[in-house]
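For reference, the structure is listed below as structure tokens.
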Amino acid sequence: MAPAAVRDNSVVFAPRIQELLAREEKVFRIDATTVGVSDSRLVAEIVAARPVLSTERSVFKPAAGAEIHHDSATRTIRALGQDVMAGIRTPPPPARGLSGAWPYAATSYLRRWLFSSDPLPVSLLSKRGVTRSDALSRIADRTVAGWPGLGGGEGRSTALAGQIHGASGAQERMQAIALYRRATATLCDGVAALAGNALWLMGPGRPPEDVRTDLTAALWETLRLLPPAWMLFRMSGDAYTALHPEIRPEDRIALLPLLMHRHPDYWPDPLEFRPERWAGVADPENAPAFMPYGFDGARCWAKHLIVPLAERLLTAAFDHRLVIRSPQQQAHVPLRSLLSVRFDAQTGA
Ligand code: HEM
């Protein structure tokens, strides 16, 4: 296996990400209306300065013309948690589904694993071809809303689909449909990105036994070095102007965990992939200058599901001798809202 630091250097970031990584200042202007921040204290202050606006939220932004009520949001997370835990206990789908272009192969595999028990057309909501297009998503939403056979149904379906079945009234139903689509996409895309980034950092073949036996540490180290949620936005507002002279009321702010997680003040040999940094760390999230799931005030509601599911996915991959076929040396990380290394992999099973 190539030395860890070389593996990280072998990632070729999209030029715009590379430019950000090259910035030495911790507060800097990215363009006329965007200020980048990687100073961990200032990031924490910004997150705490005001609650996230409903329009800034991702999964729980308004749907069907109305805000998502807190109750409905917590029911969604609870249902998602049940489905993930049930999935983790279920044997994975045939391993050939893991072969192909990552992270997409992993996204589809996770959808199949966790949500394929849902009846058509509910399962259509989570198909990648659908979730990538707003127009197709709207069509899928309307199809599910008007489908006559979804009134409770026979057979097994997920707890998340149960939220659609159990909705009272047209608006609640449309919201439950949107939440199903957003929650399944956020989960499967995010965990696939994390697992793919971990596979790349671990090396092209079978990772050494010590990494395999502590996949949790390898995943925390991946969340540090290649965090899927690498850039978080806050829209403009007066709440931030007092916090730093560079920030004007009309600026939006880009919080940059990717940069923060590589700062030598906090991380010795920051560019090295060293899972052993996390050995014996009881609560990784309390590590200073580390925010793979955000900071207090807007912390990820699904964070307890991510590492366990990624660990299960990687175990399935190793059990079936998944190896990276190409590229051998330099993998591309495109400019996307989720940071993910692109490669082709194949199972040996
Ligand atoms: C690998 C997967 C995921 C990662 C890396 C991740 C990461 C994050 C991060 C960094 C934040 C802070 C955002 C900010 O401050 O702007 C956040 C917030 C949040 N995440 Fe996640 N997340 C993941 C999956 C999910 C899933 C599957 C759900 C639910 C279906 C979810 C629900 C939320 C919620 C509700 C918030 C709070 C912000 C809000 O109120 O909308 N996340 N997440």
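The way I read the labels, and the way they are meant: chains A, B, ... in the order of the structure tokens, residue 1 as the first residue of every chain, and ligand 1 as the first ligand shown, with later ones counted on from there.
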Dump as CSV the rows for residues of stretch 21-96 of chain A within 12 Å of stretch 260-264 of chain A: closest atom pair and distance in Å with one decimal, only C-alpha atoms counted, ordered by chain and rising residue number.
```
residue,atom,partner,partner_atom,distance
A:Leu21,CA,A:Arg262,CA,9.1
A:Ala22,CA,A:Arg262,CA,11.4
A:Arg23,CA,A:His263,CA,11.4
A:Glu24,CA,A:His263,CA,9.9
A:Glu25,CA,A:His263,CA,11.1
A:Lys26,CA,A:Met260,CA,8.5
A:Val27,CA,A:Met260,CA,11.2
A:Gly36,CA,A:Met260,CA,11.2
A:Val37,CA,A:Met260,CA,8.7
A:Ser38,CA,A:Met260,CA,5.0
A:Asp39,CA,A:Met260,CA,6.6
A:Ser40,CA,A:Met260,CA,6.5
A:Arg41,CA,A:Met260,CA,10.3
A:Leu42,CA,A:Met260,CA,11.0
A:Val43,CA,A:Met260,CA,9.4
A:Ala44,CA,A:Met260,CA,11.6
```
Closest atom pairs, stretch 162-260 of chain A residues within 10 Å of stretch 64-72 of chain A, only C-alpha atoms, as a Markdown table:
```
| residue | atom | partner | partner_atom | distance |
| --- | --- | --- | --- | --- |
| A:Gln163 | CA | A:Ser72 | CA | 9.0 |
| A:Ala170 | CA | A:Ala64 | CA | 9.3 |
| A:Gln171 | CA | A:Ala64 | CA | 6.3 |
| A:Glu172 | CA | A:Ala64 | CA | 8.3 |
| A:Arg173 | CA | A:Ala64 | CA | 9.1 |
| A:Met174 | CA | A:Ala64 | CA | 6.0 |
| A:Gln175 | CA | A:Ala64 | CA | 5.8 |
| A:Ala176 | CA | A:Ser72 | CA | 8.3 |
| A:Ile177 | CA | A:Ala64 | CA | 9.5 |
| A:Ala178 | CA | A:Ala64 | CA | 8.0 |
| A:Leu179 | CA | A:Ile68 | CA | 9.2 |
```
Serialized selection, N, CA and C atoms, as a PDB file, in the first residue's frame:
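Generated output (result-v8.pdb):
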```
ATOM      1  N   GLN A 163     -44.548   6.811   6.713  1.00  0.00           N
ATOM      2  CA  GLN A 163     -44.914   8.219   6.925  1.00  0.00           C
ATOM      3  C   GLN A 163     -45.826   8.710   5.802  1.00  0.00           C
ATOM      4  N   ALA A 170     -53.888  15.979   1.952  1.00  0.00           N
ATOM      5  CA  ALA A 170     -53.057  16.048   0.744  1.00  0.00           C
ATOM      6  C   ALA A 170     -51.719  16.720   1.027  1.00  0.00           C
ATOM      7  N   GLN A 171     -51.727  17.800   1.800  1.00  0.00           N
ATOM      8  CA  GLN A 171     -50.473  18.520   1.995  1.00  0.00           C
ATOM      9  C   GLN A 171     -49.480  17.697   2.827  1.00  0.00           C
ATOM     10  N   GLU A 172     -50.001  17.056   3.874  1.00  0.00           N
ATOM     11  CA  GLU A 172     -49.112  16.245   4.710  1.00  0.00           C
ATOM     12  C   GLU A 172     -48.524  15.098   3.885  1.00  0.00           C
ATOM     13  N   ARG A 173     -49.349  14.570   2.995  1.00  0.00           N
ATOM     14  CA  ARG A 173     -48.881  13.468   2.138  1.00  0.00           C
ATOM     15  C   ARG A 173     -47.784  13.952   1.186  1.00  0.00           C
ATOM     16  N   MET A 174     -48.007  15.108   0.580  1.00  0.00           N
ATOM     17  CA  MET A 174     -46.985  15.641  -0.333  1.00  0.00           C
ATOM     18  C   MET A 174     -45.687  15.927   0.427  1.00  0.00           C
ATOM     19  N   GLN A 175     -45.839  16.408   1.650  1.00  0.00           N
ATOM     20  CA  GLN A 175     -44.620  16.684   2.428  1.00  0.00           C
ATOM     21  C   GLN A 175     -43.897  15.379   2.776  1.00  0.00           C
ATOM     22  N   ALA A 176     -44.682  14.357   3.150  1.00  0.00           N
ATOM     23  CA  ALA A 176     -44.058  13.069   3.495  1.00  0.00           C
ATOM     24  C   ALA A 176     -43.331  12.484   2.288  1.00  0.00           C
ATOM     25  N   ILE A 177     -43.905  12.685   1.109  1.00  0.00           N
ATOM     26  CA  ILE A 177     -43.271  12.191  -0.121  1.00  0.00           C
ATOM     27  C   ILE A 177     -41.944  12.925  -0.349  1.00  0.00           C
ATOM     28  N   ALA A 178     -41.974  14.261  -0.212  1.00  0.00           N
ATOM     29  CA  ALA A 178     -40.735  15.040  -0.413  1.00  0.00           C
ATOM     30  C   ALA A 178     -39.684  14.634   0.623  1.00  0.00           C
ATOM     31  N   LEU A 179     -40.125  14.394   1.852  1.00  0.00           N
ATOM     32  CA  LEU A 179     -39.156  14.030   2.897  1.00  0.00           C
ATOM     33  C   LEU A 179     -38.572  12.652   2.639  1.00  0.00           C
TER      34      LEU A 179
END
```
Closest contacts (chain A/ligand 1, max 6 Å, only C-alpha atoms and all ligand atoms) as a Markdown table:
```
| residue | atom | partner | partner_atom_place_in_ligand_line | distance |
| --- | --- | --- | --- | --- |
| A:Arg57 | CA | ligand 1 | 41 (O) | 3.8 |
| A:Ser58 | CA | ligand 1 | 41 (O) | 5.4 |
| A:Val59 | CA | ligand 1 | 30 (C) | 5.9 |
| A:Phe60 | CA | ligand 1 | 41 (O) | 5.5 |
| A:Ala183 | CA | ligand 1 | 30 (C) | 3.7 |
| A:Thr186 | CA | ligand 1 | 27 (C) | 4.6 |
| A:Leu187 | CA | ligand 1 | 27 (C) | 3.5 |
| A:Gly190 | CA | ligand 1 | 1 (C) | 3.5 |
| A:Val191 | CA | ligand 1 | 1 (C) | 4.5 |
| A:Pro228 | CA | ligand 1 | 5 (C) | 5.2 |
| A:Ala229 | CA | ligand 1 | 5 (C) | 4.8 |
| A:Leu232 | CA | ligand 1 | 16 (O) | 4.8 |
| A:Phe233 | CA | ligand 1 | 16 (O) | 6.0 |
| A:Pro292 | CA | ligand 1 | 10 (C) | 5.1 |
| A:Tyr293 | CA | ligand 1 | 10 (C) | 3.6 |
| A:Gly294 | CA | ligand 1 | 12 (C) | 3.7 |
| A:Ala298 | CA | ligand 1 | 37 (C) | 4.6 |
| A:Arg299 | CA | ligand 1 | 18 (C) | 4.9 |
| A:Cys300 | CA | ligand 1 | 19 (C) | 3.3 |
| A:Trp301 | CA | ligand 1 | 34 (C) | 4.6 |
| A:Ala302 | CA | ligand 1 | 28 (C) | 4.7 |
| A:Ile306 | CA | ligand 1 | 1 (C) | 5.5 |
```
>> Please list as a PyMOL selection string every residue within 7 Å of stretch 336-348 of chain A, counting only C-alpha atoms and excluding residues in the same chain fewer than 6 positions away.
In response: chain A and resi 95-96+98-103+193+196-197+226-230+320-327
Filtering to N, CA and C atoms, could you give me those residues as an mmCIF file, in the first residue's frame?
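This is the output file out.cif:
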```
data_model
loop_
_atom_site.group_PDB
_atom_site.id
_atom_site.type_symbol
_atom_site.label_atom_id
_atom_site.label_comp_id
_atom_site.auth_asym_id
_atom_site.auth_seq_id
_atom_site.Cartn_x
_atom_site.Cartn_y
_atom_site.Cartn_z
ATOM 1 N N ALA A 95 -23.233 -8.827 -4.186
ATOM 2 C CA ALA A 95 -22.079 -7.919 -4.177
ATOM 3 C C ALA A 95 -21.761 -7.322 -5.538
ATOM 4 N N ARG A 96 -22.232 -7.960 -6.622
ATOM 5 C CA ARG A 96 -21.878 -7.393 -7.939
ATOM 6 C C ARG A 96 -22.380 -5.946 -8.062
ATOM 7 N N LEU A 98 -21.818 -3.667 -6.172
ATOM 8 C CA LEU A 98 -20.787 -2.741 -5.699
ATOM 9 C C LEU A 98 -19.759 -2.424 -6.783
ATOM 10 N N SER A 99 -19.770 -3.242 -7.859
ATOM 11 C CA SER A 99 -18.809 -3.002 -8.951
ATOM 12 C C SER A 99 -19.294 -1.838 -9.799
ATOM 13 N N GLY A 100 -18.334 -1.060 -10.299
ATOM 14 C CA GLY A 100 -18.712 0.037 -11.182
ATOM 15 C C GLY A 100 -18.143 1.353 -10.710
ATOM 16 N N ALA A 101 -18.778 2.413 -11.158
ATOM 17 C CA ALA A 101 -18.270 3.759 -10.875
ATOM 18 C C ALA A 101 -18.722 4.199 -9.483
ATOM 19 N N TRP A 102 -17.749 4.462 -8.640
ATOM 20 C CA TRP A 102 -18.046 4.979 -7.303
ATOM 21 C C TRP A 102 -18.019 6.489 -7.318
ATOM 22 N N PRO A 103 -18.839 7.181 -6.502
ATOM 23 C CA PRO A 103 -19.702 6.631 -5.469
ATOM 24 C C PRO A 103 -21.078 6.169 -5.944
ATOM 25 N N ALA A 193 -20.548 8.537 -0.486
ATOM 26 C CA ALA A 193 -19.373 9.425 -0.625
ATOM 27 C C ALA A 193 -18.366 9.132 0.479
ATOM 28 N N GLY A 196 -16.719 5.704 -0.102
ATOM 29 C CA GLY A 196 -15.813 5.777 -1.250
ATOM 30 C C GLY A 196 -14.531 6.523 -0.889
ATOM 31 N N ASN A 197 -14.681 7.640 -0.193
ATOM 32 C CA ASN A 197 -13.486 8.403 0.208
ATOM 33 C C ASN A 197 -12.600 7.545 1.114
ATOM 34 N N LEU A 226 -11.324 13.988 4.130
ATOM 35 C CA LEU A 226 -12.185 14.191 2.959
ATOM 36 C C LEU A 226 -13.647 14.208 3.414
ATOM 37 N N PRO A 227 -14.057 15.259 4.141
ATOM 38 C CA PRO A 227 -15.428 15.279 4.672
ATOM 39 C C PRO A 227 -16.455 15.470 3.551
ATOM 40 N N PRO A 228 -17.439 14.570 3.425
ATOM 41 C CA PRO A 228 -18.431 14.755 2.352
ATOM 42 C C PRO A 228 -19.083 16.142 2.414
ATOM 43 N N ALA A 229 -19.447 16.595 3.630
ATOM 44 C CA ALA A 229 -20.032 17.948 3.754
ATOM 45 C C ALA A 229 -18.870 18.916 3.978
ATOM 46 N N TRP A 230 -18.287 19.377 2.889
ATOM 47 C CA TRP A 230 -17.018 20.104 2.979
ATOM 48 C C TRP A 230 -17.198 21.611 3.002
ATOM 49 N N HIS A 320 -16.396 -9.098 -0.035
ATOM 50 C CA HIS A 320 -16.479 -9.537 -1.434
ATOM 51 C C HIS A 320 -15.291 -9.054 -2.254
ATOM 52 N N ARG A 321 -14.215 -8.757 -1.542
ATOM 53 C CA ARG A 321 -12.930 -8.431 -2.173
ATOM 54 C C ARG A 321 -13.059 -7.324 -3.224
ATOM 55 N N LEU A 322 -13.715 -6.267 -2.812
ATOM 56 C CA LEU A 322 -13.817 -5.105 -3.708
ATOM 57 C C LEU A 322 -12.449 -4.436 -3.823
ATOM 58 N N VAL A 323 -12.000 -4.215 -5.042
ATOM 59 C CA VAL A 323 -10.728 -3.492 -5.237
ATOM 60 C C VAL A 323 -10.932 -2.363 -6.240
ATOM 61 N N ILE A 324 -10.101 -1.348 -6.085
ATOM 62 C CA ILE A 324 -10.161 -0.219 -7.008
ATOM 63 C C ILE A 324 -9.388 -0.600 -8.274
ATOM 64 N N ARG A 325 -10.058 -0.523 -9.412
ATOM 65 C CA ARG A 325 -9.421 -0.900 -10.686
ATOM 66 C C ARG A 325 -8.720 0.297 -11.323
ATOM 67 N N SER A 326 -9.399 1.438 -11.316
ATOM 68 C CA SER A 326 -8.781 2.626 -11.913
ATOM 69 C C SER A 326 -9.415 3.868 -11.287
ATOM 70 N N PRO A 327 -8.688 4.959 -11.210
ATOM 71 C CA PRO A 327 -7.296 5.086 -11.597
ATOM 72 C C PRO A 327 -6.393 4.443 -10.559
#
```
> Excluding same-chain residues fewer than 5 positions from A:Leu110, what lies within 12 Å of it counting only C-alpha atoms, as a VMD selection string?
Replying inline: chain A and resid 83 to 84 87 to 88 90 to 95 97 to 98 103 to 105 115 to 116 126 to 128 184 to 193 195 309 to 310 312 to 314 316 to 317
What does the file look like for those residues with N, CA and C atoms, as a compact mmCIF listing (two decimals), in the first residue's frame?
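Printed below is part-v3.txt as written:
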```txt
# COMPACT_ATOMS: atom_id res chain seq x y z
N ASP A 83 -35.16 2.38 9.75
CA ASP A 83 -34.85 1.73 8.48
C ASP A 83 -33.36 1.42 8.35
N VAL A 84 -32.52 2.34 8.83
CA VAL A 84 -31.07 2.08 8.75
C VAL A 84 -30.71 0.92 9.66
N GLY A 87 -31.76 -2.23 8.11
CA GLY A 87 -30.88 -2.54 6.98
C GLY A 87 -29.56 -3.13 7.45
N ILE A 88 -29.01 -2.53 8.51
CA ILE A 88 -27.72 -3.00 9.01
C ILE A 88 -27.82 -4.46 9.47
N THR A 90 -29.83 -6.67 8.10
CA THR A 90 -30.26 -7.51 6.97
C THR A 90 -29.05 -7.85 6.11
N PRO A 91 -29.00 -9.08 5.55
CA PRO A 91 -27.87 -9.38 4.65
C PRO A 91 -27.86 -8.41 3.46
N PRO A 92 -26.66 -8.01 3.03
CA PRO A 92 -26.59 -7.06 1.92
C PRO A 92 -27.03 -7.68 0.60
N PRO A 93 -27.39 -6.85 -0.39
CA PRO A 93 -27.74 -7.37 -1.72
C PRO A 93 -26.53 -8.02 -2.38
N PRO A 94 -26.72 -8.72 -3.52
CA PRO A 94 -25.58 -9.35 -4.21
C PRO A 94 -24.46 -8.34 -4.44
N ALA A 95 -23.23 -8.83 -4.19
CA ALA A 95 -22.08 -7.92 -4.18
C ALA A 95 -21.76 -7.32 -5.54
N GLY A 97 -23.40 -5.59 -7.27
CA GLY A 97 -23.91 -4.22 -7.30
C GLY A 97 -22.87 -3.19 -6.83
N LEU A 98 -21.82 -3.67 -6.17
CA LEU A 98 -20.79 -2.74 -5.70
C LEU A 98 -19.76 -2.42 -6.78
N PRO A 103 -18.84 7.18 -6.50
CA PRO A 103 -19.70 6.63 -5.47
C PRO A 103 -21.08 6.17 -5.94
N TYR A 104 -21.35 6.28 -7.30
CA TYR A 104 -22.73 5.97 -7.74
C TYR A 104 -23.12 4.53 -7.47
N ALA A 105 -22.16 3.60 -7.71
CA ALA A 105 -22.49 2.18 -7.49
C ALA A 105 -22.93 2.00 -6.03
N PHE A 115 -34.11 0.30 0.88
CA PHE A 115 -35.45 0.78 0.51
C PHE A 115 -36.13 -0.02 -0.58
N SER A 116 -35.52 -1.16 -1.01
CA SER A 116 -36.14 -1.86 -2.14
C SER A 116 -37.40 -2.61 -1.73
N SER A 126 -36.62 7.25 -4.78
CA SER A 126 -35.23 7.27 -4.34
C SER A 126 -34.26 6.88 -5.45
N LYS A 127 -34.76 6.64 -6.65
CA LYS A 127 -33.85 6.28 -7.75
C LYS A 127 -32.99 7.49 -8.11
N ARG A 128 -31.72 7.21 -8.38
CA ARG A 128 -30.79 8.30 -8.64
C ARG A 128 -31.19 9.13 -9.86
N THR A 184 -33.85 9.82 1.78
CA THR A 184 -33.16 8.67 1.19
C THR A 184 -31.96 9.15 0.36
N ALA A 185 -32.15 10.24 -0.38
CA ALA A 185 -31.03 10.74 -1.21
C ALA A 185 -29.89 11.23 -0.33
N THR A 186 -30.21 12.00 0.71
CA THR A 186 -29.14 12.55 1.56
C THR A 186 -28.37 11.42 2.23
N LEU A 187 -29.11 10.42 2.69
CA LEU A 187 -28.46 9.31 3.37
C LEU A 187 -27.58 8.51 2.41
N CYS A 188 -28.17 8.07 1.30
CA CYS A 188 -27.43 7.16 0.41
C CYS A 188 -26.28 7.89 -0.28
N ASP A 189 -26.51 9.12 -0.73
CA ASP A 189 -25.42 9.86 -1.38
C ASP A 189 -24.30 10.16 -0.37
N GLY A 190 -24.68 10.56 0.83
CA GLY A 190 -23.67 10.94 1.84
C GLY A 190 -22.85 9.75 2.29
N VAL A 191 -23.52 8.64 2.57
CA VAL A 191 -22.79 7.46 3.06
C VAL A 191 -21.94 6.85 1.94
N ALA A 192 -22.46 6.88 0.70
CA ALA A 192 -21.66 6.37 -0.43
C ALA A 192 -20.40 7.22 -0.60
N ALA A 193 -20.55 8.54 -0.49
CA ALA A 193 -19.37 9.43 -0.63
C ALA A 193 -18.37 9.13 0.48
N ALA A 195 -17.99 6.37 2.30
CA ALA A 195 -17.37 5.04 2.16
C ALA A 195 -16.38 5.04 1.00
N LEU A 309 -23.52 2.86 9.27
CA LEU A 309 -23.95 2.36 7.96
C LEU A 309 -22.75 2.27 7.00
N ALA A 310 -21.89 3.28 7.04
CA ALA A 310 -20.70 3.25 6.17
C ALA A 310 -19.82 2.06 6.53
N ARG A 312 -20.79 -0.79 7.78
CA ARG A 312 -21.45 -2.00 7.28
C ARG A 312 -21.23 -2.14 5.77
N LEU A 313 -21.30 -1.03 5.07
CA LEU A 313 -21.10 -1.05 3.62
C LEU A 313 -19.66 -1.46 3.29
N LEU A 314 -18.70 -0.90 4.02
CA LEU A 314 -17.30 -1.25 3.76
C LEU A 314 -17.03 -2.71 4.10
N ALA A 316 -19.15 -5.16 3.82
CA ALA A 316 -19.69 -5.93 2.69
C ALA A 316 -18.70 -5.85 1.52
N ALA A 317 -18.13 -4.66 1.30
CA ALA A 317 -17.18 -4.49 0.18
C ALA A 317 -15.94 -5.37 0.39
```
>> Run DSSP on the backbone and tell me which residues of stretch 97-336 of chain A come out as strand (DSSP E); list them as a PyMOL selection string.
In response: chain A and resi 100-102+232-234+252-255+323-326+331-333
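Rounded to one decimal, atom CA of A:Trp267 and atom CA of A:Phe13 lie 20.8 Å from each other.
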>> Need to verify the contact set: A:Gly297, 7 Å, only C-alpha atoms, exclusion of same-chain residues closer than 5 positions in sequence. Can you return it as JSON, numbers by chain?
In response: {"A": [47, 48, 51]}
Restricting the output to N, CA and C atoms, write the selected residues as a tab-separated table (two decimals), in the first residue's frame.
```tsv
chain	number	residue	atom	x	y	z
A	47	VAL	N	-22.14	29.81	13.38
A	47	VAL	CA	-23.21	28.81	13.50
A	47	VAL	C	-24.13	29.16	14.67
A	48	ALA	N	-23.52	29.70	15.75
A	48	ALA	CA	-24.33	30.00	16.94
A	48	ALA	C	-25.06	31.34	16.84
A	51	PRO	N	-30.28	30.82	14.37
A	51	PRO	CA	-30.67	29.49	13.90
A	51	PRO	C	-30.62	29.44	12.37
```
> Can you list every residue in stretch 89-301 of chain A that DSSP puts in helix (DSSP H, G or I), as a PyMOL selection string?
Replying inline: chain A and resi 89+95-98+104-115+122-126+128-131+134-146+148-150+159-165+170-202+209-213+215-225+238-243+257-260+275-278+284-286
> Of the residues A:Leu199, A:Leu305, A:Leu160, A:Leu125, which is the one nearest to A:Val144, using only C-alpha atoms?
Replying inline: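 The answer is A:Leu125, which sits nearest to A:Val144.
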> What does the distance between atom CA of A:Arg252 and atom CA of A:Gly237 come to in Å, to one decimal place?
Replying inline: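 Here the two named atoms are 7.9 Å from each other.
Between atom CA of A:Met231 and atom CA of A:Glu250 there is a distance of 18.9 Å.
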>> Taking 4 positions as the minimum chain separation for residues in the same chain, which residues sit within 12 Å of A:Asp251 when counting only C-alpha atoms? Answer as a list in words.
In response: Phe28, Arg29, Ile30, Asp31, Ala32, Thr33, Thr34, Val35, Gly36, Phe233, Arg234, Met235, Ser236, Gly237, Asp238, Ala239, Tyr240, Thr241, His244, Pro245, Glu246 and Ile247 of chain A
> Which one is closest to A:Ala140: A:Leu335, A:Ser123, A:Met202, A:Thr74? Count only C-alpha atoms.
Replying inline: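 Selected residue with least distance to A:Ala140: A:Ser123.
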